Amino acid sequence: MHVAVIGCGYWGPNLVRNLNALPNIRKVTCCDLDRKKLDKLRQRFPDNHYTQSYDEVLGDASIDGVLIATSVSSHFPLAQKALQAGKHVFIEKPMTSSVRESEKLIELAEAGNLILMVGHTFLFSPPVIKIKEIIRKKELGGIYYISTSRVNLGLHQKDVSVIWDLAPHDFSILFYWLDEIPCKVWAIGRDCIVKGIPDVAFVTMEFPSGTQAHLQISWLAPSKLRRTAIVGSEKMLVYDDTENVEKVKIFDKGVNYKDPETYGEFQLSYRSGDIWSPRLDTYEPLQMEMESFLSSIKTGKIEKSTGLDGLKVVKVLEAAEKSLKDQGRQITIS
Ligand SMILES: NC(=O)c1ccc[n+]([C@@H]2O[C@H](COP(=O)([O-])OP(=O)(O)OC[C@H]3O[C@@H](n4cnc5c(N)ncnc54)[C@H](O)[C@@H]3O)[C@@H](O)[C@H]2O)c1
């Protein structure tokens, strides 16, 4: 297969590196408006083809698929053109800057019978997949709530708030685990450093099942945290992506409530049992994601992270951003 990566800034080179390592890749074309970015990448991958012209990419009939890793505001126009040119498309998260744009891309892909996949990389990550299995098997019982922290110092974005930059990771993970999207969302945040671009946000969500979730996201924090706690009716789980080993730990902890037999009797018993850590596969999620895109092109079937999944994330991003701009007003998602 011959694919083209559009946007070779910070993230694009990671796509290029993983694509270059795949056996069923015949050629990788790298496209960026900035010649310096291409020259730098050419030193690492001299056999790839390099161009500053997107039109050249779209006009090349040998290119099967296009992977878009440019700034968020350019995702829609670039993906629209690629689909109209009959190319399969992979777009980095978040899929587009608005629900309307994501819907339009889904329509175009369907009409052209083309693959439209979104780069929710964590859906290919071993701990996230293991937790999905644990939740699906009801090992934690019903999920009461989930709380996550994704904070560190850095990479302030120029064109989007921290919600559009970091929350797509947590939203995609949560919607995958829970098999539902929230019915209500609220968010507060602050633009501490660059005025007009919030760099810290606290997002709260309620799901139709009753599960609640709280996200803390920030580019302005003293240390890097990638921690999720899931509290279920049977067990509890902690997923810490900064750990090298034992990223997932399950705690046999909980509280049992006994129905009072007499008025005034209130009985709680606290359970604190074993803690164990499941074995996790070891592979680079991005490698799996790239393989999955190529295999979708071949089979015509997307395994996960479809355009529809991308749209769901954008829908909740839009609602969270609206709430943030309106002092944390509760937004209902239909
Ligand atoms: N999946 C992940 O874990 C992950 C991680 C980081 C970033 N991302 C996503 O990757 C995308 C890119 O982020 P980044 O941090 O690399 O941005 P960046 O600004 O570092 O790089 C973007 C590059 O795109 C180029 N570009 C812009 N418009 C173009 C056009 N029309 N044609 C060709 N090139 C063009 C720019 O010159 C730049 O080199 C974003 O959507 C971001 O959310 C995903």
# chains A, B, ... in the order shown; residues from 1 in each chain; ligands from 1
$ closest_atom_pairs --of "chain A" --to "ligand 1" --cutoff "10 Å" --atoms "only C-alpha atoms and all ligand atoms" --output "JSON lines"
{"residue": "A:Val5", "atom": "CA", "partner": "ligand 1", "partner_atom_place_in_ligand_line": "33 (C)", "distance": 8.8}
{"residue": "A:Ile6", "atom": "CA", "partner": "ligand 1", "partner_atom_place_in_ligand_line": "33 (C)", "distance": 5.2}
{"residue": "A:Gly7", "atom": "CA", "partner": "ligand 1", "partner_atom_place_in_ligand_line": "24 (O)", "distance": 3.4}
{"residue": "A:Cys8", "atom": "CA", "partner": "ligand 1", "partner_atom_place_in_ligand_line": "39 (O)", "distance": 4.8}
{"residue": "A:Gly9", "atom": "CA", "partner": "ligand 1", "partner_atom_place_in_ligand_line": "21 (O)", "distance": 3.4}
{"residue": "A:Tyr10", "atom": "CA", "partner": "ligand 1", "partner_atom_place_in_ligand_line": "16 (O)", "distance": 3.6}
{"residue": "A:Trp11", "atom": "CA", "partner": "ligand 1", "partner_atom_place_in_ligand_line": "16 (O)", "distance": 3.7}
{"residue": "A:Gly12", "atom": "CA", "partner": "ligand 1", "partner_atom_place_in_ligand_line": "16 (O)", "distance": 5.6}
{"residue": "A:Pro13", "atom": "CA", "partner": "ligand 1", "partner_atom_place_in_ligand_line": "16 (O)", "distance": 8.1}
{"residue": "A:Asn14", "atom": "CA", "partner": "ligand 1", "partner_atom_place_in_ligand_line": "5 (C)", "distance": 9.0}
{"residue": "A:Leu15", "atom": "CA", "partner": "ligand 1", "partner_atom_place_in_ligand_line": "1 (N)", "distance": 9.3}
{"residue": "A:Cys30", "atom": "CA", "partner": "ligand 1", "partner_atom_place_in_ligand_line": "33 (C)", "distance": 9.0}
{"residue": "A:Cys31", "atom": "CA", "partner": "ligand 1", "partner_atom_place_in_ligand_line": "33 (C)", "distance": 5.5}
{"residue": "A:Asp32", "atom": "CA", "partner": "ligand 1", "partner_atom_place_in_ligand_line": "34 (N)", "distance": 3.5}
{"residue": "A:Leu33", "atom": "CA", "partner": "ligand 1", "partner_atom_place_in_ligand_line": "34 (N)", "distance": 4.5}
{"residue": "A:Asp34", "atom": "CA", "partner": "ligand 1", "partner_atom_place_in_ligand_line": "37 (O)", "distance": 4.8}
{"residue": "A:Arg35", "atom": "CA", "partner": "ligand 1", "partner_atom_place_in_ligand_line": "37 (O)", "distance": 8.4}
{"residue": "A:Lys36", "atom": "CA", "partner": "ligand 1", "partner_atom_place_in_ligand_line": "39 (O)", "distance": 8.8}
{"residue": "A:Lys37", "atom": "CA", "partner": "ligand 1", "partner_atom_place_in_ligand_line": "39 (O)", "distance": 6.1}
{"residue": "A:Leu38", "atom": "CA", "partner": "ligand 1", "partner_atom_place_in_ligand_line": "39 (O)", "distance": 8.5}
{"residue": "A:Thr51", "atom": "CA", "partner": "ligand 1", "partner_atom_place_in_ligand_line": "33 (C)", "distance": 9.0}
{"residue": "A:Gln52", "atom": "CA", "partner": "ligand 1", "partner_atom_place_in_ligand_line": "33 (C)", "distance": 6.6}
{"residue": "A:Ser53", "atom": "CA", "partner": "ligand 1", "partner_atom_place_in_ligand_line": "32 (N)", "distance": 7.3}
{"residue": "A:Tyr54", "atom": "CA", "partner": "ligand 1", "partner_atom_place_in_ligand_line": "32 (N)", "distance": 6.0}
{"residue": "A:Asp55", "atom": "CA", "partner": "ligand 1", "partner_atom_place_in_ligand_line": "32 (N)", "distance": 9.5}
{"residue": "A:Ile68", "atom": "CA", "partner": "ligand 1", "partner_atom_place_in_ligand_line": "11 (C)", "distance": 7.4}
{"residue": "A:Ala69", "atom": "CA", "partner": "ligand 1", "partner_atom_place_in_ligand_line": "11 (C)", "distance": 4.1}
{"residue": "A:Thr70", "atom": "CA", "partner": "ligand 1", "partner_atom_place_in_ligand_line": "24 (O)", "distance": 3.7}
{"residue": "A:Ser71", "atom": "CA", "partner": "ligand 1", "partner_atom_place_in_ligand_line": "40 (C)", "distance": 4.9}
{"residue": "A:Val72", "atom": "CA", "partner": "ligand 1", "partner_atom_place_in_ligand_line": "41 (O)", "distance": 4.8}
{"residue": "A:Ser73", "atom": "CA", "partner": "ligand 1", "partner_atom_place_in_ligand_line": "41 (O)", "distance": 8.5}
{"residue": "A:Ser74", "atom": "CA", "partner": "ligand 1", "partner_atom_place_in_ligand_line": "28 (N)", "distance": 6.2}
{"residue": "A:His75", "atom": "CA", "partner": "ligand 1", "partner_atom_place_in_ligand_line": "41 (O)", "distance": 7.3}
{"residue": "A:Pro77", "atom": "CA", "partner": "ligand 1", "partner_atom_place_in_ligand_line": "31 (N)", "distance": 8.5}
{"residue": "A:Leu78", "atom": "CA", "partner": "ligand 1", "partner_atom_place_in_ligand_line": "31 (N)", "distance": 6.7}
{"residue": "A:Ile91", "atom": "CA", "partner": "ligand 1", "partner_atom_place_in_ligand_line": "41 (O)", "distance": 7.5}
{"residue": "A:Glu92", "atom": "CA", "partner": "ligand 1", "partner_atom_place_in_ligand_line": "41 (O)", "distance": 4.8}
{"residue": "A:Lys93", "atom": "CA", "partner": "ligand 1", "partner_atom_place_in_ligand_line": "43 (O)", "distance": 5.0}
{"residue": "A:Pro94", "atom": "CA", "partner": "ligand 1", "partner_atom_place_in_ligand_line": "43 (O)", "distance": 5.9}
{"residue": "A:Met95", "atom": "CA", "partner": "ligand 1", "partner_atom_place_in_ligand_line": "41 (O)", "distance": 7.6}
{"residue": "A:Thr96", "atom": "CA", "partner": "ligand 1", "partner_atom_place_in_ligand_line": "41 (O)", "distance": 8.6}
{"residue": "A:Val118", "atom": "CA", "partner": "ligand 1", "partner_atom_place_in_ligand_line": "1 (N)", "distance": 8.9}
{"residue": "A:Gly119", "atom": "CA", "partner": "ligand 1", "partner_atom_place_in_ligand_line": "1 (N)", "distance": 5.3}
{"residue": "A:His120", "atom": "CA", "partner": "ligand 1", "partner_atom_place_in_ligand_line": "1 (N)", "distance": 5.7}
{"residue": "A:Thr121", "atom": "CA", "partner": "ligand 1", "partner_atom_place_in_ligand_line": "1 (N)", "distance": 5.0}
{"residue": "A:Phe122", "atom": "CA", "partner": "ligand 1", "partner_atom_place_in_ligand_line": "3 (O)", "distance": 7.4}
{"residue": "A:Leu155", "atom": "CA", "partner": "ligand 1", "partner_atom_place_in_ligand_line": "15 (O)", "distance": 8.1}
{"residue": "A:His156", "atom": "CA", "partner": "ligand 1", "partner_atom_place_in_ligand_line": "15 (O)", "distance": 9.6}
{"residue": "A:Gln157", "atom": "CA", "partner": "ligand 1", "partner_atom_place_in_ligand_line": "15 (O)", "distance": 7.8}
{"residue": "A:Lys158", "atom": "CA", "partner": "ligand 1", "partner_atom_place_in_ligand_line": "19 (O)", "distance": 8.4}
{"residue": "A:Asp159", "atom": "CA", "partner": "ligand 1", "partner_atom_place_in_ligand_line": "19 (O)", "distance": 9.5}
{"residue": "A:Val160", "atom": "CA", "partner": "ligand 1", "partner_atom_place_in_ligand_line": "43 (O)", "distance": 9.3}
{"residue": "A:Trp164", "atom": "CA", "partner": "ligand 1", "partner_atom_place_in_ligand_line": "43 (O)", "distance": 7.8}
{"residue": "A:Asp165", "atom": "CA", "partner": "ligand 1", "partner_atom_place_in_ligand_line": "43 (O)", "distance": 5.6}
{"residue": "A:Leu166", "atom": "CA", "partner": "ligand 1", "partner_atom_place_in_ligand_line": "43 (O)", "distance": 8.0}
{"residue": "A:Pro168", "atom": "CA", "partner": "ligand 1", "partner_atom_place_in_ligand_line": "43 (O)", "distance": 8.5}
{"residue": "A:His169", "atom": "CA", "partner": "ligand 1", "partner_atom_place_in_ligand_line": "3 (O)", "distance": 7.5}
{"residue": "A:Pro285", "atom": "CA", "partner": "ligand 1", "partner_atom_place_in_ligand_line": "3 (O)", "distance": 9.6}
{"residue": "A:Leu286", "atom": "CA", "partner": "ligand 1", "partner_atom_place_in_ligand_line": "1 (N)", "distance": 8.0}
{"residue": "A:Glu289", "atom": "CA", "partner": "ligand 1", "partner_atom_place_in_ligand_line": "1 (N)", "distance": 9.7}
$ select_by_dssp --residues "region 67-123 of chain A" --states "helix (DSSP H, G or I)" --output "ChimeraX atom specification"
/A:72-84,99-112,121-123
$ select_by_dssp --residues "region 187-274 of chain A" --states "strand (DSSP E or B)" --output "PDB file with N, CA, C and O atoms, in the first residue's frame"
ATOM      1  N   ALA A 187     -18.594  22.094  32.623  1.00  0.00           N
ATOM      2  CA  ALA A 187     -17.153  22.307  32.713  1.00  0.00           C
ATOM      3  C   ALA A 187     -16.825  23.712  33.182  1.00  0.00           C
ATOM      4  O   ALA A 187     -17.500  24.673  32.806  1.00  0.00           O
ATOM      5  N   ILE A 188     -15.811  23.804  34.016  1.00  0.00           N
ATOM      6  CA  ILE A 188     -15.249  25.118  34.319  1.00  0.00           C
ATOM      7  C   ILE A 188     -13.761  25.066  33.981  1.00  0.00           C
ATOM      8  O   ILE A 188     -13.184  23.976  33.907  1.00  0.00           O
ATOM      9  N   GLY A 189     -13.163  26.227  33.760  1.00  0.00           N
ATOM     10  CA  GLY A 189     -11.746  26.241  33.442  1.00  0.00           C
ATOM     11  C   GLY A 189     -11.229  27.661  33.464  1.00  0.00           C
ATOM     12  O   GLY A 189     -11.987  28.613  33.673  1.00  0.00           O
ATOM     13  N   ARG A 190      -9.918  27.783  33.267  1.00  0.00           N
ATOM     14  CA  ARG A 190      -9.297  29.122  33.279  1.00  0.00           C
ATOM     15  C   ARG A 190      -8.244  29.230  32.203  1.00  0.00           C
ATOM     16  O   ARG A 190      -7.571  28.250  31.887  1.00  0.00           O
ATOM     17  N   VAL A 200      -6.542  25.022  31.758  1.00  0.00           N
ATOM     18  CA  VAL A 200      -6.933  24.062  32.792  1.00  0.00           C
ATOM     19  C   VAL A 200      -8.456  23.948  32.753  1.00  0.00           C
ATOM     20  O   VAL A 200      -9.152  24.940  32.552  1.00  0.00           O
ATOM     21  N   ALA A 201      -8.968  22.741  32.904  1.00  0.00           N
ATOM     22  CA  ALA A 201     -10.430  22.553  32.901  1.00  0.00           C
ATOM     23  C   ALA A 201     -10.818  21.364  33.775  1.00  0.00           C
ATOM     24  O   ALA A 201     -10.051  20.407  33.917  1.00  0.00           O
ATOM     25  N   PHE A 202     -11.994  21.497  34.361  1.00  0.00           N
ATOM     26  CA  PHE A 202     -12.569  20.426  35.177  1.00  0.00           C
ATOM     27  C   PHE A 202     -13.923  20.099  34.549  1.00  0.00           C
ATOM     28  O   PHE A 202     -14.808  20.950  34.513  1.00  0.00           O
ATOM     29  N   VAL A 203     -14.038  18.891  34.031  1.00  0.00           N
ATOM     30  CA  VAL A 203     -15.241  18.514  33.269  1.00  0.00           C
ATOM     31  C   VAL A 203     -15.979  17.409  34.028  1.00  0.00           C
ATOM     32  O   VAL A 203     -15.366  16.418  34.433  1.00  0.00           O
ATOM     33  N   THR A 204     -17.273  17.593  34.200  1.00  0.00           N
ATOM     34  CA  THR A 204     -18.088  16.584  34.889  1.00  0.00           C
ATOM     35  C   THR A 204     -19.161  16.084  33.932  1.00  0.00           C
ATOM     36  O   THR A 204     -19.703  16.859  33.145  1.00  0.00           O
ATOM     37  N   MET A 205     -19.413  14.773  33.984  1.00  0.00           N
ATOM     38  CA  MET A 205     -20.395  14.191  33.057  1.00  0.00           C
ATOM     39  C   MET A 205     -21.298  13.208  33.786  1.00  0.00           C
ATOM     40  O   MET A 205     -20.872  12.561  34.738  1.00  0.00           O
ATOM     41  N   GLU A 206     -22.527  13.118  33.285  1.00  0.00           N
ATOM     42  CA  GLU A 206     -23.425  12.079  33.785  1.00  0.00           C
ATOM     43  C   GLU A 206     -23.885  11.263  32.602  1.00  0.00           C
ATOM     44  O   GLU A 206     -24.261  11.822  31.566  1.00  0.00           O
ATOM     45  N   GLN A 212     -21.204   8.484  36.813  1.00  0.00           N
ATOM     46  CA  GLN A 212     -20.722   9.863  36.725  1.00  0.00           C
ATOM     47  C   GLN A 212     -19.220   9.847  36.459  1.00  0.00           C
ATOM     48  O   GLN A 212     -18.533   8.894  36.840  1.00  0.00           O
ATOM     49  N   ALA A 213     -18.718  10.881  35.790  1.00  0.00           N
ATOM     50  CA  ALA A 213     -17.280  10.936  35.521  1.00  0.00           C
ATOM     51  C   ALA A 213     -16.793  12.357  35.702  1.00  0.00           C
ATOM     52  O   ALA A 213     -17.518  13.320  35.439  1.00  0.00           O
ATOM     53  N   HIS A 214     -15.564  12.453  36.190  1.00  0.00           N
ATOM     54  CA  HIS A 214     -14.958  13.768  36.382  1.00  0.00           C
ATOM     55  C   HIS A 214     -13.555  13.757  35.798  1.00  0.00           C
ATOM     56  O   HIS A 214     -12.783  12.841  36.061  1.00  0.00           O
ATOM     57  N   LEU A 215     -13.257  14.780  34.993  1.00  0.00           N
ATOM     58  CA  LEU A 215     -11.949  14.860  34.328  1.00  0.00           C
ATOM     59  C   LEU A 215     -11.235  16.118  34.780  1.00  0.00           C
ATOM     60  O   LEU A 215     -11.843  17.192  34.805  1.00  0.00           O
ATOM     61  N   GLN A 216      -9.975  15.970  35.083  1.00  0.00           N
ATOM     62  CA  GLN A 216      -9.145  17.142  35.357  1.00  0.00           C
ATOM     63  C   GLN A 216      -8.101  17.166  34.252  1.00  0.00           C
ATOM     64  O   GLN A 216      -7.351  16.198  34.081  1.00  0.00           O
ATOM     65  N   ILE A 217      -8.080  18.231  33.440  1.00  0.00           N
ATOM     66  CA  ILE A 217      -7.122  18.286  32.332  1.00  0.00           C
ATOM     67  C   ILE A 217      -6.375  19.627  32.378  1.00  0.00           C
ATOM     68  O   ILE A 217      -6.979  20.662  32.644  1.00  0.00           O
ATOM     69  N   SER A 218      -5.089  19.566  32.130  1.00  0.00           N
ATOM     70  CA  SER A 218      -4.325  20.811  32.217  1.00  0.00           C
ATOM     71  C   SER A 218      -2.974  20.715  31.525  1.00  0.00           C
ATOM     72  O   SER A 218      -2.343  19.669  31.517  1.00  0.00           O
ATOM     73  N   LEU A 225       0.522  13.641  35.447  1.00  0.00           N
ATOM     74  CA  LEU A 225      -0.397  12.629  35.990  1.00  0.00           C
ATOM     75  C   LEU A 225      -1.220  12.072  34.847  1.00  0.00           C
ATOM     76  O   LEU A 225      -1.721  12.818  34.005  1.00  0.00           O
ATOM     77  N   ARG A 226      -1.338  10.751  34.808  1.00  0.00           N
ATOM     78  CA  ARG A 226      -2.206  10.083  33.839  1.00  0.00           C
ATOM     79  C   ARG A 226      -2.930   8.995  34.626  1.00  0.00           C
ATOM     80  O   ARG A 226      -2.641   7.821  34.505  1.00  0.00           O
ATOM     81  N   ARG A 227      -3.838   9.420  35.487  1.00  0.00           N
ATOM     82  CA  ARG A 227      -4.391   8.489  36.465  1.00  0.00           C
ATOM     83  C   ARG A 227      -5.906   8.451  36.380  1.00  0.00           C
ATOM     84  O   ARG A 227      -6.558   9.484  36.333  1.00  0.00           O
ATOM     85  N   THR A 228      -6.450   7.235  36.360  1.00  0.00           N
ATOM     86  CA  THR A 228      -7.900   7.046  36.323  1.00  0.00           C
ATOM     87  C   THR A 228      -8.298   6.104  37.448  1.00  0.00           C
ATOM     88  O   THR A 228      -7.677   5.054  37.625  1.00  0.00           O
ATOM     89  N   ALA A 229      -9.312   6.502  38.202  1.00  0.00           N
ATOM     90  CA  ALA A 229      -9.844   5.604  39.237  1.00  0.00           C
ATOM     91  C   ALA A 229     -11.274   5.248  38.858  1.00  0.00           C
ATOM     92  O   ALA A 229     -12.064   6.126  38.481  1.00  0.00           O
ATOM     93  N   ILE A 230     -11.581   3.961  38.883  1.00  0.00           N
ATOM     94  CA  ILE A 230     -12.949   3.518  38.566  1.00  0.00           C
ATOM     95  C   ILE A 230     -13.513   2.858  39.825  1.00  0.00           C
ATOM     96  O   ILE A 230     -12.899   1.933  40.367  1.00  0.00           O
ATOM     97  N   VAL A 231     -14.642   3.353  40.265  1.00  0.00           N
ATOM     98  CA  VAL A 231     -15.237   2.798  41.477  1.00  0.00           C
ATOM     99  C   VAL A 231     -16.522   2.073  41.106  1.00  0.00           C
ATOM    100  O   VAL A 231     -17.468   2.678  40.590  1.00  0.00           O
ATOM    101  N   GLY A 232     -16.497   0.760  41.340  1.00  0.00           N
ATOM    102  CA  GLY A 232     -17.660  -0.055  41.007  1.00  0.00           C
ATOM    103  C   GLY A 232     -18.323  -0.597  42.255  1.00  0.00           C
ATOM    104  O   GLY A 232     -17.798  -0.457  43.367  1.00  0.00           O
ATOM    105  N   MET A 236     -12.801  -1.937  42.825  1.00  0.00           N
ATOM    106  CA  MET A 236     -12.318  -0.640  42.355  1.00  0.00           C
ATOM    107  C   MET A 236     -11.044  -0.860  41.544  1.00  0.00           C
ATOM    108  O   MET A 236     -10.366  -1.865  41.739  1.00  0.00           O
ATOM    109  N   LEU A 237     -10.745   0.097  40.655  1.00  0.00           N
ATOM    110  CA  LEU A 237      -9.589  -0.089  39.772  1.00  0.00           C
ATOM    111  C   LEU A 237      -8.831   1.225  39.638  1.00  0.00           C
ATOM    112  O   LEU A 237      -9.451   2.290  39.574  1.00  0.00           O
ATOM    113  N   VAL A 238      -7.529   1.133  39.585  1.00  0.00           N
ATOM    114  CA  VAL A 238      -6.718   2.317  39.301  1.00  0.00           C
ATOM    115  C   VAL A 238      -5.854   2.024  38.082  1.00  0.00           C
ATOM    116  O   VAL A 238      -5.212   0.976  38.008  1.00  0.00           O
ATOM    117  N   TYR A 239      -5.900   2.947  37.118  1.00  0.00           N
ATOM    118  CA  TYR A 239      -5.079   2.828  35.894  1.00  0.00           C
ATOM    119  C   TYR A 239      -4.135   4.021  35.892  1.00  0.00           C
ATOM    120  O   TYR A 239      -4.576   5.159  35.798  1.00  0.00           O
ATOM    121  N   ASP A 240      -2.839   3.723  36.018  1.00  0.00           N
ATOM    122  CA  ASP A 240      -1.850   4.796  36.014  1.00  0.00           C
ATOM    123  C   ASP A 240      -0.927   4.587  34.820  1.00  0.00           C
ATOM    124  O   ASP A 240      -0.060   3.715  34.838  1.00  0.00           O
ATOM    125  N   VAL A 248      -2.297  -1.249  35.686  1.00  0.00           N
ATOM    126  CA  VAL A 248      -3.681  -1.437  36.136  1.00  0.00           C
ATOM    127  C   VAL A 248      -3.674  -2.226  37.437  1.00  0.00           C
ATOM    128  O   VAL A 248      -3.029  -3.272  37.532  1.00  0.00           O
ATOM    129  N   LYS A 249      -4.366  -1.710  38.441  1.00  0.00           N
ATOM    130  CA  LYS A 249      -4.483  -2.446  39.705  1.00  0.00           C
ATOM    131  C   LYS A 249      -5.958  -2.535  40.084  1.00  0.00           C
ATOM    132  O   LYS A 249      -6.703  -1.553  39.983  1.00  0.00           O
ATOM    133  N   ILE A 250      -6.346  -3.741  40.514  1.00  0.00           N
ATOM    134  CA  ILE A 250      -7.734  -3.933  40.927  1.00  0.00           C
ATOM    135  C   ILE A 250      -7.764  -4.138  42.433  1.00  0.00           C
ATOM    136  O   ILE A 250      -6.982  -4.930  42.978  1.00  0.00           O
ATOM    137  N   PHE A 251      -8.610  -3.382  43.066  1.00  0.00           N
ATOM    138  CA  PHE A 251      -8.699  -3.418  44.527  1.00  0.00           C
ATOM    139  C   PHE A 251     -10.020  -4.082  44.915  1.00  0.00           C
ATOM    140  O   PHE A 251     -11.081  -3.611  44.517  1.00  0.00           O
ATOM    141  N   ASP A 252      -9.913  -5.142  45.705  1.00  0.00           N
ATOM    142  CA  ASP A 252     -11.135  -5.772  46.196  1.00  0.00           C
ATOM    143  C   ASP A 252     -11.593  -4.997  47.429  1.00  0.00           C
ATOM    144  O   ASP A 252     -11.473  -5.452  48.567  1.00  0.00           O
ATOM    145  N   LYS A 253     -12.065  -3.792  47.151  1.00  0.00           N
ATOM    146  CA  LYS A 253     -12.476  -2.903  48.243  1.00  0.00           C
ATOM    147  C   LYS A 253     -13.911  -2.456  48.016  1.00  0.00           C
ATOM    148  O   LYS A 253     -14.321  -2.289  46.867  1.00  0.00           O
ATOM    149  N   GLY A 254     -14.626  -2.252  49.065  1.00  0.00           N
ATOM    150  CA  GLY A 254     -15.980  -1.754  48.900  1.00  0.00           C
ATOM    151  C   GLY A 254     -16.668  -1.599  50.242  1.00  0.00           C
ATOM    152  O   GLY A 254     -16.092  -1.869  51.297  1.00  0.00           O
ATOM    153  N   VAL A 255     -17.897  -1.170  50.150  1.00  0.00           N
ATOM    154  CA  VAL A 255     -18.698  -1.001  51.365  1.00  0.00           C
ATOM    155  C   VAL A 255     -20.012  -1.717  51.152  1.00  0.00           C
ATOM    156  O   VAL A 255     -20.677  -1.514  50.128  1.00  0.00           O
ATOM    157  N   ASN A 256     -20.371  -2.586  52.077  1.00  0.00           N
ATOM    158  CA  ASN A 256     -21.673  -3.255  51.980  1.00  0.00           C
ATOM    159  C   ASN A 256     -22.646  -2.594  52.943  1.00  0.00           C
ATOM    160  O   ASN A 256     -22.303  -2.298  54.085  1.00  0.00           O
ATOM    161  N   TYR A 257     -23.812  -2.408  52.410  1.00  0.00           N
ATOM    162  CA  TYR A 257     -24.852  -1.765  53.218  1.00  0.00           C
ATOM    163  C   TYR A 257     -25.938  -2.788  53.503  1.00  0.00           C
ATOM    164  O   TYR A 257     -26.456  -3.435  52.586  1.00  0.00           O
ATOM    165  N   LYS A 258     -26.246  -2.962  54.782  1.00  0.00           N
ATOM    166  CA  LYS A 258     -27.267  -3.937  55.144  1.00  0.00           C
ATOM    167  C   LYS A 258     -28.547  -3.192  55.464  1.00  0.00           C
ATOM    168  O   LYS A 258     -28.541  -2.232  56.257  1.00  0.00           O
ATOM    169  N   GLN A 267     -26.265  -0.170  59.216  1.00  0.00           N
ATOM    170  CA  GLN A 267     -25.086  -1.032  59.238  1.00  0.00           C
ATOM    171  C   GLN A 267     -24.288  -0.985  57.943  1.00  0.00           C
ATOM    172  O   GLN A 267     -24.828  -1.262  56.881  1.00  0.00           O
ATOM    173  N   LEU A 268     -23.039  -0.647  58.080  1.00  0.00           N
ATOM    174  CA  LEU A 268     -22.134  -0.659  56.931  1.00  0.00           C
ATOM    175  C   LEU A 268     -20.971  -1.577  57.266  1.00  0.00           C
ATOM    176  O   LEU A 268     -20.451  -1.527  58.381  1.00  0.00           O
ATOM    177  N   SER A 269     -20.580  -2.421  56.306  1.00  0.00           N
ATOM    178  CA  SER A 269     -19.353  -3.179  56.566  1.00  0.00           C
ATOM    179  C   SER A 269     -18.352  -2.882  55.454  1.00  0.00           C
ATOM    180  O   SER A 269     -18.697  -2.887  54.266  1.00  0.00           O
ATOM    181  N   TYR A 270     -17.145  -2.562  55.856  1.00  0.00           N
ATOM    182  CA  TYR A 270     -16.112  -2.172  54.900  1.00  0.00           C
ATOM    183  C   TYR A 270     -15.282  -3.385  54.532  1.00  0.00           C
ATOM    184  O   TYR A 270     -14.893  -4.165  55.404  1.00  0.00           O
ATOM    185  N   ARG A 271     -15.044  -3.539  53.212  1.00  0.00           N
ATOM    186  CA  ARG A 271     -14.285  -4.700  52.741  1.00  0.00           C
ATOM    187  C   ARG A 271     -12.968  -4.206  52.148  1.00  0.00           C
ATOM    188  O   ARG A 271     -12.939  -3.309  51.316  1.00  0.00           O
ATOM    189  N   SER A 272     -11.877  -4.772  52.600  1.00  0.00           N
ATOM    190  CA  SER A 272     -10.582  -4.393  52.048  1.00  0.00           C
ATOM    191  C   SER A 272      -9.775  -5.666  51.833  1.00  0.00           C
ATOM    192  O   SER A 272      -9.121  -6.166  52.739  1.00  0.00           O
ATOM    193  N   GLY A 273      -9.881  -6.200  50.609  1.00  0.00           N
ATOM    194  CA  GLY A 273      -9.251  -7.493  50.328  1.00  0.00           C
ATOM    195  C   GLY A 273      -7.998  -7.356  49.488  1.00  0.00           C
ATOM    196  O   GLY A 273      -7.235  -6.399  49.619  1.00  0.00           O
ATOM    197  N   ASP A 274      -7.833  -8.317  48.573  1.00  0.00           N
ATOM    198  CA  ASP A 274      -6.599  -8.381  47.791  1.00  0.00           C
ATOM    199  C   ASP A 274      -6.495  -7.243  46.759  1.00  0.00           C
ATOM    200  O   ASP A 274      -7.497  -6.695  46.307  1.00  0.00           O
TER     201      ASP A 274
END
$ closest_residue --among "A:Ala221, A:Leu116, A:Ala61, A:Val314" --to "Val99 (chain A)" --atoms "only C-alpha atoms"
A:Val314
$ residues_around --residues "Val3 (chain A)" --least-positions-apart "5" --cutoff "8 Å" --atoms "only C-alpha atoms" --output "MDAnalysis selection string"
chainID A and resid 25 27:29 63:67
$ closest_residue --among "A:Asn152, A:Gln287, A:Gln84, A:Gln327" --to "Asn18 (chain A)" --atoms "only C-alpha atoms"
A:Gln287
$ closest_residue --among "A:Gly112, A:Glu133, A:Arg26, A:Ser172" --to "Asp309 (chain A)" --atoms "only C-alpha atoms"
A:Ser172
$ decode --residues "region 188-201 of chain A" --atoms "C-alpha atoms" --output "tab-separated table (two decimals), in the first residue's frame"
chain	number	residue	atom	x	y	z
A	188	ILE	CA	-15.25	25.12	34.32
A	189	GLY	CA	-11.75	26.24	33.44
A	190	ARG	CA	-9.30	29.12	33.28
A	191	ASP	CA	-7.00	30.73	30.73
A	192	CYS	CA	-4.12	31.23	33.16
A	193	ILE	CA	-1.29	31.88	30.67
A	194	VAL	CA	-2.61	32.79	27.17
A	195	LYS	CA	-5.77	34.85	27.42
A	196	GLY	CA	-8.69	33.32	25.53
A	197	ILE	CA	-7.20	29.80	25.47
A	198	PRO	CA	-8.15	27.86	28.63
A	199	ASP	CA	-5.21	25.78	29.87
A	200	VAL	CA	-6.93	24.06	32.79
A	201	ALA	CA	-10.43	22.55	32.90
